[in-house]
file start-v7.tsv (TSV, C-alpha atoms)
chain	number	residue	atom	x	y	z
J	1	MET	CA	14.94	129.41	29.37
J	2	ASP	CA	13.31	126.54	31.26
J	3	LEU	CA	13.82	125.46	34.83
J	4	PHE	CA	13.79	121.67	35.01
J	5	PRO	CA	12.93	119.76	38.18
J	6	ARG	CA	16.08	118.75	40.05
J	7	LYS	CA	16.54	114.97	39.86
J	8	ASN	CA	20.02	114.92	41.39
J	9	TYR	CA	22.97	117.15	42.18
J	10	ILE	CA	26.52	117.08	43.44
J	11	ALA	CA	27.77	119.47	46.11
J	12	ARG	CA	30.87	120.14	48.15
J	13	SER	CA	31.47	121.86	51.44
J	14	SER	CA	32.54	125.45	50.81
J	15	SER	CA	35.86	126.67	52.10
J	16	LYS	CA	35.35	128.75	55.23
J	17	PRO	CA	35.07	132.42	54.31
J	18	MET	CA	36.99	133.43	57.46
J	19	PRO	CA	38.46	131.66	60.53
J	20	GLY	CA	35.69	130.58	62.88
J	21	ALA	CA	32.99	130.87	60.22
J	22	TYR	CA	30.77	127.98	59.17
J	23	ALA	CA	31.16	126.17	55.86
J	24	PHE	CA	28.03	125.84	53.72
J	25	GLU	CA	26.77	123.53	50.98
J	26	GLN	CA	28.01	124.58	47.56
J	27	ILE	CA	26.09	122.89	44.75
J	28	ILE	CA	28.36	122.30	41.76
J	29	ALA	CA	25.88	120.93	39.21
J	30	ALA	CA	22.40	119.40	39.04
J	31	ASN	CA	20.63	116.93	36.73
J	32	ILE	CA	23.82	115.23	35.66
J	33	ASP	CA	24.47	111.68	34.48
J	34	GLN	CA	28.11	111.33	35.44
J	35	VAL	CA	30.92	113.07	37.31
J	36	LEU	CA	34.37	113.22	35.71
J	37	PRO	CA	37.05	113.96	38.30
J	38	VAL	CA	39.99	115.30	36.28
J	39	PHE	CA	43.56	114.87	37.48
J	40	ALA	CA	46.82	115.65	35.72
J	41	ALA	CA	49.47	112.94	35.42
J	42	ALA	CA	51.95	115.68	36.36
J	43	ASP	CA	52.16	119.45	36.71
J	44	PRO	CA	50.33	119.75	39.09
J	45	GLU	CA	51.04	116.45	40.81
J	46	PRO	CA	47.91	114.33	41.30
J	47	ARG	CA	46.44	114.38	44.79
J	48	TRP	CA	44.83	110.98	45.18
J	49	HIS	CA	43.16	111.86	48.46
J	50	MET	CA	41.30	114.66	46.70
J	51	LEU	CA	40.24	112.20	44.00
J	52	ASP	CA	38.88	109.94	46.74
J	53	ARG	CA	36.89	112.87	48.10
J	54	CYS	CA	35.36	113.57	44.67
J	55	LEU	CA	34.52	109.89	44.23
J	56	ILE	CA	32.95	109.59	47.68
J	57	ALA	CA	30.90	112.75	47.14
J	58	ALA	CA	29.61	111.38	43.81
J	59	GLU	CA	28.87	107.98	45.39
J	60	SER	CA	26.94	109.66	48.19
J	61	TYR	CA	24.73	111.47	45.67
J	62	GLY	CA	24.29	108.25	43.65
J	63	ILE	CA	26.02	109.60	40.54
J	64	PRO	CA	28.49	107.37	38.64
J	65	SER	CA	32.07	108.61	38.26
J	66	LYS	CA	34.69	108.12	35.58
J	67	ILE	CA	38.23	109.26	36.29
J	68	VAL	CA	40.02	111.32	33.64
J	69	ILE	CA	43.82	111.60	33.72
J	70	THR	CA	45.18	114.47	31.61
J	71	LYS	CA	48.69	115.52	30.49
J	72	PHE	CA	49.76	111.91	30.04
J	73	ASP	CA	52.41	113.06	27.55
J	74	LEU	CA	54.35	114.60	30.48
J	75	VAL	CA	55.00	111.22	32.11
J	76	GLN	CA	55.02	108.91	29.08
J	77	GLY	CA	58.23	106.89	29.00
J	78	THR	CA	59.41	108.16	32.40
J	79	PRO	CA	59.54	106.34	35.78
J	80	ALA	CA	56.47	108.37	36.78
J	81	GLU	CA	54.43	106.45	34.19
J	82	SER	CA	54.81	103.14	36.04
J	83	LYS	CA	53.85	104.84	39.34
J	84	LEU	CA	50.79	106.34	37.67
J	85	ASN	CA	49.84	102.96	36.23
J	86	ILE	CA	49.78	101.46	39.75
J	87	TRP	CA	47.20	104.07	40.77
J	88	ILE	CA	45.20	103.57	37.59
J	89	GLU	CA	45.08	99.80	38.19
J	90	LEU	CA	44.02	100.42	41.80
J	91	TYR	CA	41.00	102.53	40.80
J	92	GLN	CA	40.09	100.20	37.93
J	93	SER	CA	40.17	97.24	40.33
J	94	ILE	CA	37.67	99.07	42.57
J	95	GLY	CA	35.39	99.52	39.57
J	96	TYR	CA	36.03	103.09	38.42
J	97	PRO	CA	36.69	103.47	34.68
J	98	VAL	CA	39.87	105.50	34.05
J	99	ILE	CA	40.38	107.43	30.81
J	100	VAL	CA	43.97	108.47	30.13
J	101	THR	CA	44.19	111.51	27.88
J	102	SER	CA	46.54	114.11	26.49
J	103	SER	CA	45.30	117.29	24.87
J	104	LYS	CA	48.66	117.69	23.11
J	105	THR	CA	48.89	114.24	21.52
J	106	SER	CA	45.10	113.69	21.34
J	107	GLN	CA	45.57	110.40	23.18
J	108	GLY	CA	42.35	109.03	24.67
J	109	LEU	CA	40.14	111.79	23.22
J	110	GLU	CA	38.10	109.38	21.11
J	111	ASN	CA	37.50	107.21	24.16
J	112	LEU	CA	36.46	110.29	26.12
J	113	ARG	CA	34.11	111.42	23.30
J	114	GLN	CA	32.34	108.06	23.45
J	115	THR	CA	32.06	108.33	27.24
J	116	LEU	CA	30.53	111.80	26.99
J	117	ALA	CA	28.11	111.09	24.13
J	118	ASP	CA	24.45	111.61	25.05
J	119	GLN	CA	25.37	112.22	28.70
J	120	HIS	CA	25.30	115.28	30.88
J	121	SER	CA	28.72	115.29	32.52
J	122	VAL	CA	30.53	117.59	34.91
J	123	LEU	CA	34.30	118.07	35.09
J	124	VAL	CA	35.71	118.63	38.57
J	125	GLY	CA	39.33	118.95	39.64
J	126	LYS	CA	42.15	121.11	40.83
J	127	SER	CA	43.08	124.32	39.09
J	128	GLY	CA	45.58	123.74	36.28
J	129	VAL	CA	44.84	120.07	35.61
J	130	GLY	CA	43.59	120.85	32.09
J	131	LYS	CA	39.80	120.65	32.28
J	132	THR	CA	39.26	123.48	29.82
J	133	SER	CA	42.13	122.33	27.59
J	134	LEU	CA	40.40	118.98	27.38
J	135	LEU	CA	37.20	120.70	26.32
J	136	ASN	CA	39.10	122.71	23.69
J	137	ALA	CA	40.67	119.49	22.38
J	138	LEU	CA	37.29	117.77	22.22
J	139	GLU	CA	35.53	120.67	20.51
J	140	PRO	CA	38.14	122.94	18.89
J	141	GLY	CA	35.46	125.47	17.96
J	142	PHE	CA	35.02	126.57	21.57
J	143	GLY	CA	38.42	128.32	21.77
J	144	LEU	CA	38.19	128.72	25.53
J	145	ARG	CA	40.87	130.62	27.40
J	146	VAL	CA	43.58	128.47	29.04
J	147	GLN	CA	46.88	129.24	30.78
J	148	THR	CA	49.95	127.29	31.79
J	149	VAL	CA	50.58	126.28	35.40
J	150	ASN	CA	52.56	128.82	37.43
J	151	GLN	CA	56.16	127.56	37.30
J	152	SER	CA	57.06	129.13	40.67
J	153	THR	CA	54.22	127.63	42.70
J	154	GLY	CA	53.42	124.61	40.53
J	155	LYS	CA	49.74	125.50	40.86
J	156	GLY	CA	47.05	126.49	38.37
J	157	ARG	CA	46.10	130.10	37.75
J	158	HIS	CA	42.32	129.82	38.17
J	159	THR	CA	41.76	130.76	34.54
J	160	THR	CA	38.19	129.44	34.37
J	161	SER	CA	36.32	131.49	36.95
J	162	HIS	CA	32.73	130.59	36.17
J	163	LEU	CA	30.73	127.42	35.58
J	164	GLU	CA	29.39	126.85	32.06
J	165	MET	CA	27.61	124.06	30.21
J	166	PHE	CA	28.69	123.31	26.63
J	167	PRO	CA	26.56	121.19	24.25
J	168	LEU	CA	28.58	118.48	22.50
J	169	GLN	CA	28.41	117.49	18.82
J	170	ASP	CA	27.74	113.83	19.67
J	171	GLY	CA	24.85	114.74	21.97
J	172	GLY	CA	24.80	115.49	25.65
J	173	ALA	CA	26.61	118.34	27.33
J	174	LEU	CA	29.74	118.94	29.35
J	175	ILE	CA	29.87	121.29	32.34
J	176	ASP	CA	33.25	122.98	32.82
J	177	THR	CA	33.85	124.16	36.38
J	178	PRO	CA	36.47	126.46	37.92
J	179	GLY	CA	39.40	124.62	39.53
J	180	VAL	CA	39.19	123.96	43.24
J	181	ARG	CA	41.89	123.85	45.90
J	182	GLU	CA	39.96	121.45	48.11
J	183	PHE	CA	36.89	119.26	47.86
J	184	GLY	CA	35.11	119.12	51.21
J	185	ILE	CA	32.55	116.39	51.82
J	186	TRP	CA	29.10	117.77	52.57
J	187	GLY	CA	26.16	116.04	54.26
J	188	LEU	CA	27.92	112.90	55.48
J	189	ASN	CA	28.92	111.93	58.97
J	190	SER	CA	31.93	109.90	60.02
J	191	THR	CA	29.95	106.68	60.53
J	192	ASP	CA	28.37	106.75	57.04
J	193	ILE	CA	31.45	107.37	55.00
J	194	ALA	CA	32.69	103.75	54.71
J	195	MET	CA	29.45	102.88	52.88
J	196	PHE	CA	30.59	104.96	49.93
J	197	PHE	CA	33.92	103.17	49.50
J	198	PRO	CA	32.77	100.39	47.13
J	199	GLU	CA	35.51	97.99	48.27
J	200	MET	CA	34.59	98.52	51.95
J	201	ALA	CA	30.81	98.51	51.67
J	202	SER	CA	30.48	94.72	51.50
J	203	LEU	CA	32.55	94.31	54.70
J	204	LEU	CA	30.43	96.62	56.84
J	205	GLY	CA	28.82	94.89	59.81
J	206	GLN	CA	30.89	91.75	59.24
J	207	CYS	CA	32.90	91.93	62.50
J	208	LYS	CA	31.74	91.46	66.10
J	209	PHE	CA	31.26	95.21	66.51
J	210	GLY	CA	28.61	95.23	63.79
J	211	LEU	CA	27.63	98.55	62.27
J	212	SER	CA	28.98	100.49	65.25
J	213	CYS	CA	32.58	99.54	64.35
J	214	GLN	CA	34.71	102.61	63.72
J	215	HIS	CA	37.27	100.60	61.66
J	216	ASP	CA	40.13	102.21	63.53
J	217	GLU	CA	41.25	100.47	66.74
J	218	GLU	CA	38.68	97.67	67.04
J	219	PRO	CA	40.32	94.24	67.23
J	220	GLY	CA	39.18	91.93	64.43
J	221	CYS	CA	37.60	94.76	62.39
J	222	ALA	CA	36.62	93.30	58.99
J	223	ILE	CA	37.78	96.35	57.08
J	224	ARG	CA	41.21	96.33	58.74
J	225	GLN	CA	41.43	92.61	58.03
J	226	GLY	CA	40.59	93.46	54.42
J	227	VAL	CA	43.50	95.91	54.30
J	228	MET	CA	45.84	93.35	55.87
J	229	GLY	CA	44.65	90.70	53.41
J	230	GLY	CA	45.25	92.93	50.39
J	231	ARG	CA	41.57	93.29	49.49
J	232	ILE	CA	41.58	97.02	50.31
J	233	SER	CA	44.45	99.34	49.38
J	234	PRO	CA	46.25	100.79	52.44
J	235	TYR	CA	46.19	104.18	50.70
J	236	ARG	CA	42.40	104.03	50.33
J	237	TYR	CA	42.06	102.98	53.97
J	238	GLN	CA	44.28	105.86	55.02
J	239	SER	CA	42.20	108.18	52.84
J	240	TYR	CA	39.09	106.88	54.60
J	241	LEU	CA	40.58	107.58	58.07
J	242	ARG	CA	41.62	111.06	57.00
J	243	MET	CA	38.17	111.86	55.62
J	244	LYS	CA	36.55	110.52	58.78
J	245	ASP	CA	38.76	112.73	60.93
J	246	ASP	CA	37.93	115.80	58.85
J	247	LEU	CA	34.17	115.38	59.24
F	1	MET	CA	52.50	110.50	47.46
F	2	ARG	CA	51.42	112.48	50.47
F	3	THR	CA	50.60	110.33	53.45
F	4	TYR	CA	48.59	110.89	56.56
F	5	HIS	CA	50.92	112.69	58.95
F	6	LYS	CA	48.41	113.80	61.53
F	7	ASP	CA	49.73	113.43	65.08
F	8	ILE	CA	52.74	111.54	63.83
F	9	ASN	CA	54.94	113.08	66.52
F	10	ALA	CA	52.33	113.52	69.21
F	11	ASP	CA	52.91	112.42	72.80
F	12	PHE	CA	51.17	109.15	73.62
F	13	ILE	CA	50.32	106.70	76.38
F	14	CYS	CA	51.99	103.32	75.95
F	15	LYS	CA	49.47	100.57	75.25
F	16	GLN	CA	51.71	98.02	76.94
F	17	CYS	CA	52.87	99.65	80.20
F	18	GLY	CA	50.49	102.62	80.41
F	19	TYR	CA	53.22	105.24	80.93
F	20	PHE	CA	52.95	108.66	79.34
F	21	VAL	CA	55.59	109.05	76.61
F	22	ASN	CA	56.87	112.43	75.53
F	23	ALA	CA	57.63	112.44	71.80
F	24	GLN	CA	59.48	115.76	71.67
F	25	ILE	CA	62.70	115.54	69.69
F	26	GLN	CA	64.56	117.46	72.43
F	27	ILE	CA	63.85	114.57	74.82
F	28	SER	CA	63.97	111.51	72.57
F	29	GLY	CA	66.68	112.69	70.17
F	30	VAL	CA	64.87	111.05	67.25
F	31	VAL	CA	62.48	112.52	64.70
F	32	ASN	CA	59.97	109.66	64.87
F	33	ARG	CA	59.35	108.46	68.42
F	34	ASN	CA	58.02	105.00	67.62
F	35	HIS	CA	58.37	103.02	70.84
F	36	CYS	CA	57.99	103.43	74.57
F	37	PRO	CA	61.31	104.23	76.31
F	38	TYR	CA	60.29	102.25	79.43
F	39	CYS	CA	59.05	98.89	78.06
F	40	LEU	CA	60.38	99.41	74.48
F	41	HIS	CA	57.12	98.19	72.93
F	42	SER	CA	55.95	99.75	69.69
F	43	ARG	CA	52.83	99.60	67.49
F	44	HIS	CA	52.48	98.19	64.00
F	45	VAL	CA	51.40	101.34	62.18
F	46	ASP	CA	54.01	101.80	59.44
F	47	LEU	CA	53.98	99.69	56.30
F	48	TYR	CA	56.49	100.73	53.63
F	49	LYS	CA	58.63	103.36	55.37
F	50	PRO	CA	58.91	104.95	58.84
F	51	GLY	CA	56.10	107.39	59.50
F	52	ASP	CA	53.87	106.43	56.55
F	53	ARG	CA	51.14	105.17	58.95
F	54	LEU	CA	49.75	102.91	56.22
F	55	CYS	CA	49.54	99.67	58.19
F	56	ALA	CA	46.07	98.65	59.32
F	57	CYS	CA	47.31	96.03	61.80
F	58	LYS	CA	47.90	98.51	64.68
F	59	ALA	CA	48.75	95.70	67.11
F	60	LEU	CA	51.55	95.88	69.69
F	61	MET	CA	55.08	95.15	68.54
F	62	ALA	CA	57.32	93.52	71.11
F	63	PRO	CA	61.09	94.19	71.18
F	64	VAL	CA	62.78	90.92	70.18
F	65	GLY	CA	66.41	91.79	69.64
F	66	LEU	CA	69.09	94.24	68.61
F	67	THR	CA	70.87	94.67	65.31
F	68	LEU	CA	73.30	97.03	63.64
F	69	LYS	CA	72.31	99.29	60.80
F	70	ARG	CA	74.11	98.46	57.58
F	71	SER	CA	76.33	101.13	56.15
F	72	ARG	CA	76.10	102.07	52.47
F	73	ASP	CA	79.90	102.26	52.44
F	74	LYS	CA	81.10	98.78	51.50
F	75	TYR	CA	84.50	99.40	53.13
F	76	THR	CA	82.98	100.11	56.57
F	77	PRO	CA	83.48	97.19	59.02
F	78	ASP	CA	80.30	95.22	59.82
F	79	ASN	CA	80.13	96.32	63.46
F	80	HIS	CA	80.28	100.08	62.79
F	81	GLY	CA	76.57	100.59	62.08
F	82	GLU	CA	74.12	102.30	64.43
F	83	LEU	CA	72.61	100.09	67.15
F	84	MET	CA	68.97	99.40	66.27
F	85	LEU	CA	66.02	97.76	67.99
F	86	VAL	CA	64.12	94.94	66.24
F	87	HIS	CA	60.36	94.74	66.85
F	88	ARG	CA	58.00	91.90	65.97
F	89	CYS	CA	54.23	92.36	65.71
F	90	ILE	CA	52.35	90.13	68.16
F	91	ASN	CA	49.41	89.89	65.73
F	92	CYS	CA	50.81	89.39	62.24
F	93	GLY	CA	54.48	88.68	63.02
F	94	GLY	CA	55.80	91.56	60.90
F	95	LEU	CA	59.33	92.72	61.73
F	96	SER	CA	60.61	96.28	61.81
F	97	ILE	CA	63.89	97.95	62.72
F	98	ASN	CA	63.78	101.14	64.75
F	99	ARG	CA	66.31	103.68	65.97
F	100	ILE	CA	67.11	103.62	69.67
F	101	ALA	CA	66.18	106.91	71.34
F	102	VAL	CA	68.30	108.83	73.85
F	103	ASP	CA	65.92	108.11	76.73
F	104	ASP	CA	65.43	104.37	76.08
F	105	ASP	CA	66.11	102.34	79.21
F	106	PRO	CA	69.61	100.81	78.72
F	107	ASP	CA	68.90	98.00	81.22
F	108	MET	CA	65.86	96.98	79.16
F	109	LEU	CA	67.94	97.03	76.00
F	110	LEU	CA	70.56	94.78	77.62
F	111	ALA	CA	67.80	92.48	78.87
F	112	ILE	CA	66.46	92.21	75.32
F	113	LEU	CA	69.91	91.29	74.07
F	114	LYS	CA	70.11	88.60	76.75
F	115	ASN	CA	66.57	87.28	76.20
F	116	SER	CA	66.80	87.23	72.42
F	117	ALA	CA	68.90	84.04	72.92
F	118	LYS	CA	65.73	82.23	74.01
F	119	ASP	CA	63.57	80.67	71.27
F	120	ARG	CA	66.12	81.91	68.82
F	121	SER	CA	65.74	79.47	65.95
F	122	ALA	CA	62.28	80.65	64.84
F	123	LEU	CA	63.23	84.29	65.29
F	124	LEU	CA	66.53	83.87	63.45
F	125	ASN	CA	64.72	82.26	60.55
F	126	GLU	CA	62.28	85.19	60.30
F	127	CYS	CA	65.15	87.67	60.54
F	128	ARG	CA	67.11	85.87	57.84
F	129	ILE	CA	64.12	86.15	55.49
F	130	ASN	CA	64.03	89.88	56.21
F	131	SER	CA	67.85	90.27	55.91
F	132	ILE	CA	68.19	91.28	59.56
F	133	ARG	CA	71.31	90.09	61.42
F	134	LEU	CA	70.44	89.80	65.12
F	135	LEU	CA	73.17	90.51	67.65
F	136	GLU	CA	74.10	87.59	69.89
F	137	ALA	CA	74.01	87.81	73.69
F	138	ILE	CA	77.53	86.50	74.36
F	139	ARG	CA	79.36	87.54	71.23
F	140	HIS	CA	78.07	91.12	71.06
F	141	ARG	CA	77.59	91.94	74.77
F	142	HIS	CA	80.76	94.00	74.91
F	143	LEU	CA	79.82	95.92	71.76
F	144	VAL	CA	76.28	96.72	72.98
F	145	GLN	CA	77.45	97.77	76.46
F	146	THR	CA	80.04	100.05	74.91
F	147	ARG	CA	77.45	101.63	72.64
F	148	LEU	CA	74.88	102.12	75.41
F	149	LEU	CA	77.06	103.01	78.40
F	150	GLY	CA	80.22	104.31	76.80
F	151	ARG	CA	82.31	101.48	78.22
F	152	PRO	CA	81.69	97.85	79.18
F	153	ALA	CA	79.73	97.51	82.43
F	154	ASP	CA	82.38	95.31	84.07
F	155	LEU	CA	85.02	97.98	83.52
F	156	TRP	CA	82.62	100.63	84.78
F	157	VAL	CA	82.10	98.66	88.02
F	158	GLU	CA	85.86	98.26	88.42
F	159	ALA	CA	86.41	101.97	87.79
F	160	THR	CA	83.90	103.01	90.47
F	161	MET	CA	85.51	100.65	93.00
F	162	LEU	CA	88.91	102.32	92.61
call {"tool": "encode", "arguments": {"input": "start-v7.tsv", "output": "structure tokens"}}
result
Amino acid sequence: MDLFPRKNYIARSSSKPMPGAYAFEQIIAANIDQVLPVFAAADPEPRWHMLDRCLIAAESYGIPSKIVITKFDLVQGTPAESKLNIWIELYQSIGYPVIVTSSKTSQGLENLRQTLADQHSVLVGKSGVGKTSLLNALEPGFGLRVQTVNQSTGKGRHTTSHLEMFPLQDGGALIDTPGVREFGIWGLNSTDIAMFFPEMASLLGQCKFGLSCQHDEEPGCAIRQGVMGGRISPYRYQSYLRMKDDL
Amino acid sequence: MRTYHKDINADFICKQCGYFVNAQIQISGVVNRNHCPYCLHSRHVDLYKPGDRLCACKALMAPVGLTLKRSRDKYTPDNHGELMLVHRCINCGGLSINRIAVDDDPDMLLAILKNSAKDRSALLNECRINSIRLLEAIRHRHLVQTRLLGRPADLWVEATML
């Protein structure tokens, strides 16, 4: 076994082990080419704010992200499909590729295979979204253990409890990670965070408050004007404010 | 979609008049305290529905008139809806309809009804676009006084003189 030099990594803030304790940096994976935040179209319901956190974390470490939506068969042909499409279009308009998949119907798996080929990728997402099922569908030989979502709580059962890297037939490797309940941002402060929202970055320093603008109450703030003008989604702006408050 | 509900019902200091406003439901009688009970000004913070806090405008919203909430029951007479306050954003001109709280100043509400007659054509046009029917100072005075004070003010004055 060789230990390679660390060229990059992605980390999250750990959940606090007890009230009053300090969170610490939890490195998820190192030497990776892309991050694949995985979200289910339904069961469990997608949490777009958590997706934004994954994307911002990846942006801050300079690693490209591609969004994977699983369990598309659950919403296909229902009113939820059109709602989901609005979110997909939003993230595509920002510049994030979105791959819609279904492990049951094999939809989007070929597209995902091409995305993963010759790349070292890491899957991150909530428990029960189907990260391991996706891996089983991609490489049936793995036969990894999966479980259904708990019908009482609507949450995953934390079936995958350790992190493991699987080599892929088309080259590259895929790192399967245990599901997370939250994705805390590590190593950023509240003034930096807007830089990692691609649609906001070009507007930074464009108002009279310059780089010291907090983009919250300042009159004439360029980012708020961008939201009002439809250039930035109000949901993304709200996500930004929420992240800023949490830091 | 979960939205950002932090401090949605927190007490606040009015940006217009500077008074401290208590947002407790026991005092205001409404779930979302969205305007000052003294000057009746609000802030443009909601975009699609009350409490979503998705609007980035955040400017002051001035009270511009009163209206009646439409009933879903098509057989209900037009003037049976709840009395509502119409706000207009001083920055972007957006309109919103808000519930009147228990502790809102009734004299201010009557003054708004009276003053909404001024510069009415532009306001009426905006309201028409947004399907809002503004109450008129002369025609609806009796109705508004009855809703706010329990009986028309003239009758109340007569009753106290007896």
call {"tool": "atom_distance", "arguments": {"input": "start-v7.tsv", "atom1": "CA of Ser13 (chain J)", "atom2": "CA of Glu25 (chain J)"}}
result
5.0 Å
call {"tool": "interface_residues", "arguments": {"input": "start-v7.tsv", "of": "chain J", "to": "chain F", "cutoff": "12 Å", "atoms": "only C-alpha atoms", "output": "number ranges by chain"}}
result
J: 45-50, 80, 83-84, 87, 215-230, 232-243, 245-246
call {"tool": "write_last_selection", "arguments": {"input": "start-v7.tsv", "atoms": "C-alpha atoms", "output": "mmCIF file, in the frame of the given file"}}
result
data_model
loop_
_atom_site.group_PDB
_atom_site.id
_atom_site.type_symbol
_atom_site.label_atom_id
_atom_site.label_comp_id
_atom_site.auth_asym_id
_atom_site.auth_seq_id
_atom_site.Cartn_x
_atom_site.Cartn_y
_atom_site.Cartn_z
ATOM 1 C CA GLU J 45 51.040 116.450 40.810
ATOM 2 C CA PRO J 46 47.910 114.330 41.300
ATOM 3 C CA ARG J 47 46.440 114.380 44.790
ATOM 4 C CA TRP J 48 44.830 110.980 45.180
ATOM 5 C CA HIS J 49 43.160 111.860 48.460
ATOM 6 C CA MET J 50 41.300 114.660 46.700
ATOM 7 C CA ALA J 80 56.470 108.370 36.780
ATOM 8 C CA LYS J 83 53.850 104.840 39.340
ATOM 9 C CA LEU J 84 50.790 106.340 37.670
ATOM 10 C CA TRP J 87 47.200 104.070 40.770
ATOM 11 C CA HIS J 215 37.270 100.600 61.660
ATOM 12 C CA ASP J 216 40.130 102.210 63.530
ATOM 13 C CA GLU J 217 41.250 100.470 66.740
ATOM 14 C CA GLU J 218 38.680 97.670 67.040
ATOM 15 C CA PRO J 219 40.320 94.240 67.230
ATOM 16 C CA GLY J 220 39.180 91.930 64.430
ATOM 17 C CA CYS J 221 37.600 94.760 62.390
ATOM 18 C CA ALA J 222 36.620 93.300 58.990
ATOM 19 C CA ILE J 223 37.780 96.350 57.080
ATOM 20 C CA ARG J 224 41.210 96.330 58.740
ATOM 21 C CA GLN J 225 41.430 92.610 58.030
ATOM 22 C CA GLY J 226 40.590 93.460 54.420
ATOM 23 C CA VAL J 227 43.500 95.910 54.300
ATOM 24 C CA MET J 228 45.840 93.350 55.870
ATOM 25 C CA GLY J 229 44.650 90.700 53.410
ATOM 26 C CA GLY J 230 45.250 92.930 50.390
ATOM 27 C CA ILE J 232 41.580 97.020 50.310
ATOM 28 C CA SER J 233 44.450 99.340 49.380
ATOM 29 C CA PRO J 234 46.250 100.790 52.440
ATOM 30 C CA TYR J 235 46.190 104.180 50.700
ATOM 31 C CA ARG J 236 42.400 104.030 50.330
ATOM 32 C CA TYR J 237 42.060 102.980 53.970
ATOM 33 C CA GLN J 238 44.280 105.860 55.020
ATOM 34 C CA SER J 239 42.200 108.180 52.840
ATOM 35 C CA TYR J 240 39.090 106.880 54.600
ATOM 36 C CA LEU J 241 40.580 107.580 58.070
ATOM 37 C CA ARG J 242 41.620 111.060 57.000
ATOM 38 C CA MET J 243 38.170 111.860 55.620
ATOM 39 C CA ASP J 245 38.760 112.730 60.930
ATOM 40 C CA ASP J 246 37.930 115.800 58.850
#
call {"tool": "atom_distance", "arguments": {"input": "start-v7.tsv", "atom1": "CA of Pro167 (chain J)", "atom2": "CA of Thr70 (chain J)"}}
result
21.1 Å
call {"tool": "axis_aligned_box", "arguments": {"input": "start-v7.tsv", "around": "region 204-209 of chain J", "padding_each_side": "6 Å", "output": "AutoDock Vina command-line options"}}
result
--center_x 30.9 --center_y 94.0 --center_z 61.7 --size_x 16.1 --size_y 17.2 --size_z 21.7
call {"tool": "atom_distance", "arguments": {"input": "start-v7.tsv", "atom1": "CA of Leu109 (chain F)", "atom2": "CA of Arg128 (chain F)"}}
result
21.3 Å
